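A.B. asks: Structure incoming, see below.
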Amino acid sequence: MNFELKPLSLTGAASQKCDVLMVMVPQNHVTTRDSFSVWLGELQRAGDLPTKAAQMLLLYKPAQANARRVVLVCVGDGSARQVRQAVVAAMTSMRSGPIKKVVLAFAQEAGAGGVRAAVAGLAEASYSYTSTKSKGEAHPLQKATLAAPDAAQWQTEFDRALAAARGVALAKEWANRPANHATPTQLAKAAQALAQHTKMHCEVLGARDVAKLGMGAFLAVAQGSDEPLQFIVLRYHGAARTQPPTVLVGKGITFDSGGISIKPAAEMDEMKYDMSGAASVLGVFRALADLTPAINVIGLIPACENLPGGRAIKPGDVVTSLSGKTIEILNTDAEGRLVLCDALTYAERFKPRVVIDIATLTGACVVALGAVRSGLFSSDADLANDLLHAGEAAQDLCWQLPLDEDYGEGLKTHFADVANVAGRAAGAVTAAKFLEGFVGGYPWAHLDIAGTAWRGGSSKGATGRPVGLLVEYLARQAELKTSPQPDAVADTGRSAGKTRVKRT
Ligand code: BES
Ligand code: MN
Ligand code: ZN
């Protein structure tokens with residue numbers, strides 16, 4: 001789909017020939033001199049203008065517009081969240097019917113958050129999963145235009161939101177695919193295809209390479225399956241090679257049956273999305289291809305299946321990780337941390353600026369935070385703050401959970417250096433504590449996306465989170481590096497430099 005930002009007034013937007021003109025109206029619409037706005041004022045006085053978020057009024061070929069359909073949708077208080085929900089609702093209601101060209105316009109200036117939210121909402125509503133259906137109902141939408149009188153001012157936000165939306169769509173696509181259509185080998189092929197973009201490279205290690213390196217924990221998880229494991233190394237070089245990279249590590253369990261500690265049958269199908277961390281890394285690289293920021297990024301994806309079988313690991317088995325630490329596998333269903341720990345050790349060789357791992361790691365995180373915020377854990381306060389703020393700006397929220405030393409007590413065992421599980425209490429935290437034990441000398445953060453990467457119920461499917469958060473985080477890093485820092489920053493430290501970046 002072609003999506004552009006165009007400098008147009010409200011009346012200018014209404015004069016565009018299109019199938020749908022969507023006008024986003026705040027609940028307290030204030031009439032301006034623009035003639036379309038004056039018309040909205042008339043509707044308002046008559047009590048016909050929708051005033052509750054996501055409510056809409058649909059009109060057919062009104063004289064005031066050049067569109068076949070006009071939808072006036074209320075965006076409530078105009079917050080990013082309400083704009084997004086309104087756009088999704090309006091677009092979803094338009095699904096039936098031949099809609100090729102859409103023009104979106106704000107009745108009142110919406111700010112950076114509104115621009116991003118409109119882009120994200122439109123992209124969300126126009127994604128549909130088709131890859132394993134015999135009749136792929138291709139989405140008819142071909143062209144979308146976001147009209148803004150001061151378009152130039154929002155170009156950066158628009159480009160970033162659009163790149164993120166494309167990344168989100170790619171992440172959704174891979175996470176939605178069933179395990180037999182998203183094998184480790186197929187994920188590796190997808191990464192190699194992405195690496196065709198300029199400034200990108202991809203290297204894929206197989207079981208032999210991984211064994212030679214000594215990734216005993218990753219190998220242990222993969223050994224129960226006939227599907228060959230893949231260790232995917234993606235590189236994006238947007239800056240000089242001397243610049244330390246940000247390393248993203250994505251959990252790539254293409255199916256998690258639990259292994260010998262097998263999961264209950266109900267909803268086990270959903271464990272195809274246990275590679276959502278990996279999918280989000282692919283999504284971020286898709287966005288980097290569009291944005292080409294002046295930073296270096298490495299993506300690491302340990303990908304394999306977790307199955308029971310004659311060769312599968314058994315509870316009580318002890319394996320040696322790449323770090324040299326031995327691990328007692330008390331529960332084979334705690335496999336994510338086993339593949340991640342070796343990737344975290346491997347990350348050290350890139351002398352990273354920071355390392356962020358992204359994983360559908362624990363059911364306990366779903367219990368703690370639900371589908372609203374991802375769990376954030378970090379050993380570094382600056383990194384945690386940057387991720388929290390990036391999440392707010394991208395409307396892809398996370399929430400920090402603790403890493404106190406006492407939470408690590410339960411991982412102690414008589415038979416190895418560390419056990420892969422502790423008790424039932426604080427499961428998301430003890431999983432993070434396990435990972436922390438393998439972190440090298442770099443600032444590290446862990447995002448547990450078990451609750452946020454997937455939506456249950458009637459709109460069941462992958463969400464593409466936290467691609468939005470990560471793209472925003474990386475784009476801000478690039479901005480900080482390229483914008484000249486005023487002298488004053490030297491006295492006030494790093495955070496002063498950051499607050500200079502205007503974002504809402
Ligand atoms: N992939 C699961 C976590 C998960 C659960 C993701 C629900 C999405 C939704 C992970 O590998 C797992 O099985 N974790 C166990 C850990 C336990 C054995 C300590 C869990 O959360 O039950
Ligand atoms: Mn598991
Ligand atoms: Zn898992």
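In the structure tokens, chains take letters A, B, ... by order of appearance, with residues numbered from 1 within each chain and ligands from 1 in the order shown.
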Using only C-alpha atoms and all ligand atoms, find each residue with an atom at most 10 Å away from ligand 1 and format the answer as JSON, numbers by chain.

C.D. replies: {"A": [251, 253, 254, 255, 256, 257, 258, 259, 261, 262, 263, 267, 268, 270, 271, 272, 273, 274, 275, 276, 306, 330, 331, 332, 333, 334, 335, 336, 337, 338, 359, 360, 361, 362, 363, 364, 365, 366, 367, 420, 421, 422, 423, 424, 425, 426, 427, 428, 430, 431, 448, 449, 450, 451, 452, 453, 454]}

A.B. asks: Write out as an MDAnalysis selection string the set of residues from stretch 240-441 of chain A that DSSP, computed on the backbone, places in helix (DSSP H, G or I).

C.D. replies: chainID A and resid 268:291 336:350 363:369 381:394 405:411 427:436

A.B. asks: Neighbouring residues of A:Phe231 were defined as those with any atom within 9 Å, considering only C-alpha atoms; residues of the same chain fewer than 5 positions away were excluded. Please report them as a PyMOL selection string.

C.D. replies: chain A and resi 184+188+203-207+209-210+300-304+343

A.B. asks: Filtering to C-alpha atoms, could you give me those residues as a PDB file, in the first residue's frame?

C.D. replies:
ATOM      1  CA  PRO A 184      13.644 -22.090  11.879  1.00  0.00           C
ATOM      2  CA  ALA A 188      16.421 -17.825   8.374  1.00  0.00           C
ATOM      3  CA  GLU A 203      24.738 -14.951   8.410  1.00  0.00           C
ATOM      4  CA  VAL A 204      23.078 -18.184   9.502  1.00  0.00           C
ATOM      5  CA  LEU A 205      24.773 -20.755  11.730  1.00  0.00           C
ATOM      6  CA  GLY A 206      23.570 -24.353  11.780  1.00  0.00           C
ATOM      7  CA  ALA A 207      23.720 -27.051  14.463  1.00  0.00           C
ATOM      8  CA  ASP A 209      28.544 -24.307  14.048  1.00  0.00           C
ATOM      9  CA  VAL A 210      26.535 -23.860  17.212  1.00  0.00           C
ATOM     10  CA  LEU A 300      20.495 -12.355  16.999  1.00  0.00           C
ATOM     11  CA  ILE A 301      17.842 -15.058  16.663  1.00  0.00           C
ATOM     12  CA  PRO A 302      18.283 -18.485  18.198  1.00  0.00           C
ATOM     13  CA  ALA A 303      15.540 -20.445  16.391  1.00  0.00           C
ATOM     14  CA  CYS A 304      14.363 -24.005  17.049  1.00  0.00           C
ATOM     15  CA  ALA A 343      22.730 -15.697  22.555  1.00  0.00           C
TER      16      ALA A 343
END

A.B. asks: Using only C-alpha atoms, find the one residue out of A:Leu469, A:Leu8, A:Leu435, A:Ala161 that sits nearest to A:Asp34.

C.D. replies: A:Leu8

A.B. asks: For a quick check of understanding, using only C-alpha atoms, which of A:Ala294, A:Ala220, A:Val38, A:Val467 has the smallest distance to A:Leu282?

C.D. replies: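 The closest residue to A:Leu282 is A:Val467.
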
A.B. asks: Name the residues in contact with A:Ala239 at a cut-off of 12 Å, using only C-alpha atoms, excluding same-chain residues fewer than 2 positions from it; report them as a PyMOL selection string.

C.D. replies: chain A and resi 199-200+235-237+241-246+292-297+477-478+481-482

A.B. asks: Figure out the distance between atom CA of A:Tyr473 and atom CA of A:Gly408, please, to one decimal in Å.

C.D. replies: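 According to the coordinates, atom CA of A:Gly408 and atom CA of A:Tyr473 are separated by 28.9 Å.
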
A.B. asks: Might you pull out every residue within 9 Å of A:Tyr60, with only C-alpha atoms counted and same-chain residues fewer than 4 positions away left off, and present them as a list in words?

C.D. replies: Ala67, Arg68, Arg69, Val70 and Val71 of chain A

A.B. asks: Where does DSSP see strand (DSSP E or B) in stretch 78-309 of chain A, if you list the residues as a PDB file with C-alpha atoms, in the first residue's frame?

C.D. replies:
ATOM      1  CA  LYS A 101      -8.170   5.166  -2.128  1.00  0.00           C
ATOM      2  CA  VAL A 102      -8.550   6.761   1.310  1.00  0.00           C
ATOM      3  CA  VAL A 103      -7.850  10.306   2.438  1.00  0.00           C
ATOM      4  CA  LEU A 104      -7.510  10.966   6.181  1.00  0.00           C
ATOM      5  CA  ALA A 105      -7.723  14.440   7.642  1.00  0.00           C
ATOM      6  CA  PHE A 106      -7.799  15.926  11.131  1.00  0.00           C
ATOM      7  CA  LYS A 143      -3.477   4.301  -1.655  1.00  0.00           C
ATOM      8  CA  ALA A 144      -3.821   6.351   1.508  1.00  0.00           C
ATOM      9  CA  THR A 145      -3.139  10.034   1.981  1.00  0.00           C
ATOM     10  CA  LEU A 146      -2.821  11.768   5.309  1.00  0.00           C
ATOM     11  CA  ALA A 147      -3.718  15.420   4.875  1.00  0.00           C
ATOM     12  CA  ALA A 148      -2.174  18.016   7.176  1.00  0.00           C
ATOM     13  CA  MET A 200      22.394  -5.192   5.719  1.00  0.00           C
ATOM     14  CA  HIS A 201      24.026  -8.577   6.030  1.00  0.00           C
ATOM     15  CA  CYS A 202      22.830 -11.906   7.275  1.00  0.00           C
ATOM     16  CA  GLU A 203      24.738 -14.951   8.410  1.00  0.00           C
ATOM     17  CA  VAL A 204      23.078 -18.184   9.502  1.00  0.00           C
ATOM     18  CA  LEU A 205      24.773 -20.755  11.730  1.00  0.00           C
ATOM     19  CA  GLN A 230      19.209 -21.983  13.051  1.00  0.00           C
ATOM     20  CA  PHE A 231      21.180 -19.212  14.695  1.00  0.00           C
ATOM     21  CA  ILE A 232      20.482 -16.075  12.689  1.00  0.00           C
ATOM     22  CA  VAL A 233      22.851 -13.105  12.804  1.00  0.00           C
ATOM     23  CA  LEU A 234      21.493  -9.981  11.109  1.00  0.00           C
ATOM     24  CA  ARG A 235      23.594  -6.839  10.775  1.00  0.00           C
ATOM     25  CA  TYR A 236      22.634  -3.319   9.894  1.00  0.00           C
ATOM     26  CA  HIS A 237      25.524  -0.898   9.354  1.00  0.00           C
ATOM     27  CA  THR A 246      22.785  -2.071  19.677  1.00  0.00           C
ATOM     28  CA  VAL A 247      22.189  -5.811  19.814  1.00  0.00           C
ATOM     29  CA  LEU A 248      18.626  -7.155  19.694  1.00  0.00           C
ATOM     30  CA  VAL A 249      18.139 -10.781  20.715  1.00  0.00           C
ATOM     31  CA  GLY A 250      14.802 -12.368  19.747  1.00  0.00           C
ATOM     32  CA  GLY A 252      12.783 -17.843  18.158  1.00  0.00           C
ATOM     33  CA  ILE A 253      10.971 -20.929  19.461  1.00  0.00           C
ATOM     34  CA  THR A 254       8.901 -21.710  16.378  1.00  0.00           C
ATOM     35  CA  PHE A 255       6.784 -24.098  18.435  1.00  0.00           C
ATOM     36  CA  ASP A 256       6.780 -24.597  22.196  1.00  0.00           C
ATOM     37  CA  ASN A 296      24.683   0.037  13.917  1.00  0.00           C
ATOM     38  CA  VAL A 297      22.300  -2.748  14.918  1.00  0.00           C
ATOM     39  CA  ILE A 298      22.832  -6.488  15.279  1.00  0.00           C
ATOM     40  CA  GLY A 299      19.926  -8.927  15.426  1.00  0.00           C
ATOM     41  CA  LEU A 300      20.495 -12.355  16.999  1.00  0.00           C
ATOM     42  CA  ILE A 301      17.842 -15.058  16.663  1.00  0.00           C
ATOM     43  CA  PRO A 302      18.283 -18.485  18.198  1.00  0.00           C
ATOM     44  CA  ALA A 303      15.540 -20.445  16.391  1.00  0.00           C
ATOM     45  CA  CYS A 304      14.363 -24.005  17.049  1.00  0.00           C
ATOM     46  CA  GLU A 305      11.383 -26.087  18.141  1.00  0.00           C
ATOM     47  CA  ASN A 306      10.773 -27.356  21.678  1.00  0.00           C
TER      48      ASN A 306
END

A.B. asks: Check the smallest atom-to-atom distance from each of A:Pro149, A:Gly457, A:Pro308, A:Gly97 to ligand 2 using only C-alpha atoms and all ligand atoms, then report the winner.

C.D. replies: A:Pro308

A.B. asks: Between A:Val372, A:Leu291, A:Ala217, A:Ala117, which has the minimum distance to A:Ile313 (counting only C-alpha atoms)?

C.D. replies: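 Closest residue, counting only C-alpha atoms: A:Ala217.
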
A.B. asks: What is the atom CA of A:Pro7 to atom CA of A:Leu141 distance in Å?

C.D. replies: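 Rounded to one decimal, the two atoms are 21.4 Å apart.
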
A.B. asks: Excluding same-chain residues fewer than 3 positions from stretch 385-395 of chain A, what lies within 9 Å of it counting only C-alpha atoms, as a list in words?

C.D. replies: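 Surrounding residues, per the criterion: Ala80, Arg81, Gly113, Arg116, Ala117, Ala161, Leu376, Asp380, Ala381, Asp382, Cys398, Trp399, Gln400, Ala445, Pro466, Gly468, Leu469, Leu470, Val471, Glu472, Tyr473, Leu474, Arg476, Lys498, Arg503 and Thr504 of chain A.
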
A.B. asks: Go ahead and save the residues from that selection, with N, CA and C atoms, as an mmCIF file, in the first residue's frame.

C.D. replies:
data_model
loop_
_atom_site.group_PDB
_atom_site.id
_atom_site.type_symbol
_atom_site.label_atom_id
_atom_site.label_comp_id
_atom_site.auth_asym_id
_atom_site.auth_seq_id
_atom_site.Cartn_x
_atom_site.Cartn_y
_atom_site.Cartn_z
ATOM 1 N N ALA A 80 -3.389 9.980 21.356
ATOM 2 C CA ALA A 80 -2.903 8.994 20.382
ATOM 3 C C ALA A 80 -3.728 7.715 20.462
ATOM 4 N N ARG A 81 -4.045 7.299 21.675
ATOM 5 C CA ARG A 81 -4.780 6.052 21.861
ATOM 6 C C ARG A 81 -6.162 6.130 21.211
ATOM 7 N N GLY A 113 1.680 12.891 18.154
ATOM 8 C CA GLY A 113 1.042 11.642 18.591
ATOM 9 C C GLY A 113 -0.115 11.258 17.688
ATOM 10 N N ARG A 116 1.191 9.913 14.235
ATOM 11 C CA ARG A 116 1.658 8.530 14.374
ATOM 12 C C ARG A 116 0.496 7.566 14.542
ATOM 13 N N ALA A 117 -0.452 7.975 15.382
ATOM 14 C CA ALA A 117 -1.559 7.070 15.695
ATOM 15 C C ALA A 117 -2.426 6.823 14.460
ATOM 16 N N ALA A 161 6.582 6.451 11.714
ATOM 17 C CA ALA A 161 5.396 5.634 11.988
ATOM 18 C C ALA A 161 5.129 4.661 10.844
ATOM 19 N N LEU A 376 9.295 -5.064 31.449
ATOM 20 C CA LEU A 376 10.642 -4.550 31.175
ATOM 21 C C LEU A 376 11.523 -4.820 32.382
ATOM 22 N N ASP A 380 20.153 -1.312 33.904
ATOM 23 C CA ASP A 380 20.676 0.021 33.606
ATOM 24 C C ASP A 380 19.528 1.032 33.592
ATOM 25 N N ALA A 381 19.591 2.010 34.494
ATOM 26 C CA ALA A 381 18.464 2.939 34.656
ATOM 27 C C ALA A 381 18.236 3.792 33.412
ATOM 28 N N ASP A 382 19.312 4.234 32.758
ATOM 29 C CA ASP A 382 19.160 5.049 31.543
ATOM 30 C C ASP A 382 18.465 4.267 30.442
ATOM 31 N N CYS A 398 5.428 -0.402 27.983
ATOM 32 C CA CYS A 398 6.038 -1.433 28.829
ATOM 33 C C CYS A 398 6.077 -0.918 30.259
ATOM 34 N N TRP A 399 6.417 -1.789 31.190
ATOM 35 C CA TRP A 399 6.425 -1.430 32.618
ATOM 36 C C TRP A 399 7.562 -2.158 33.308
ATOM 37 N N GLN A 400 8.336 -1.402 34.087
ATOM 38 C CA GLN A 400 9.523 -2.012 34.667
ATOM 39 C C GLN A 400 9.210 -2.860 35.892
ATOM 40 N N ALA A 445 18.744 -4.977 28.726
ATOM 41 C CA ALA A 445 17.321 -4.929 29.067
ATOM 42 C C ALA A 445 16.637 -6.149 28.480
ATOM 43 N N PRO A 466 6.916 -5.811 20.211
ATOM 44 C CA PRO A 466 7.129 -4.385 20.459
ATOM 45 C C PRO A 466 7.959 -3.703 19.353
ATOM 46 N N GLY A 468 7.086 -1.266 17.407
ATOM 47 C CA GLY A 468 6.918 0.185 17.501
ATOM 48 C C GLY A 468 7.845 0.782 18.545
ATOM 49 N N LEU A 469 7.875 0.167 19.716
ATOM 50 C CA LEU A 469 8.738 0.641 20.804
ATOM 51 C C LEU A 469 10.202 0.622 20.375
ATOM 52 N N LEU A 470 10.634 -0.471 19.788
ATOM 53 C CA LEU A 470 12.056 -0.625 19.443
ATOM 54 C C LEU A 470 12.472 0.317 18.321
ATOM 55 N N VAL A 471 11.601 0.497 17.340
ATOM 56 C CA VAL A 471 11.928 1.404 16.234
ATOM 57 C C VAL A 471 12.071 2.831 16.769
ATOM 58 N N GLU A 472 11.172 3.202 17.665
ATOM 59 C CA GLU A 472 11.244 4.528 18.263
ATOM 60 C C GLU A 472 12.536 4.681 19.078
ATOM 61 N N TYR A 473 12.860 3.673 19.856
ATOM 62 C CA TYR A 473 14.088 3.698 20.657
ATOM 63 C C TYR A 473 15.317 3.882 19.768
ATOM 64 N N LEU A 474 15.394 3.118 18.694
ATOM 65 C CA LEU A 474 16.568 3.182 17.811
ATOM 66 C C LEU A 474 16.618 4.513 17.056
ATOM 67 N N ARG A 476 15.532 7.317 18.070
ATOM 68 C CA ARG A 476 15.983 8.340 19.027
ATOM 69 C C ARG A 476 17.485 8.263 19.255
ATOM 70 N N LYS A 498 18.908 14.222 26.157
ATOM 71 C CA LYS A 498 17.721 13.506 25.706
ATOM 72 C C LYS A 498 16.473 14.349 25.729
ATOM 73 N N ARG A 503 9.429 15.303 21.531
ATOM 74 C CA ARG A 503 8.509 14.228 21.138
ATOM 75 C C ARG A 503 7.350 14.226 22.116
ATOM 76 N N THR A 504 6.229 13.779 21.627
ATOM 77 C CA THR A 504 5.126 13.653 22.576
ATOM 78 C C THR A 504 4.720 12.203 22.698
#

A.B. asks: Give me the residues within 10 Å of A:Ala89 as a ChimeraX atom specification, counting only C-alpha atoms and dropping any in the same chain fewer than 3 places off.

C.D. replies: /A:53-56,73,83-86,92-94,121-122,125
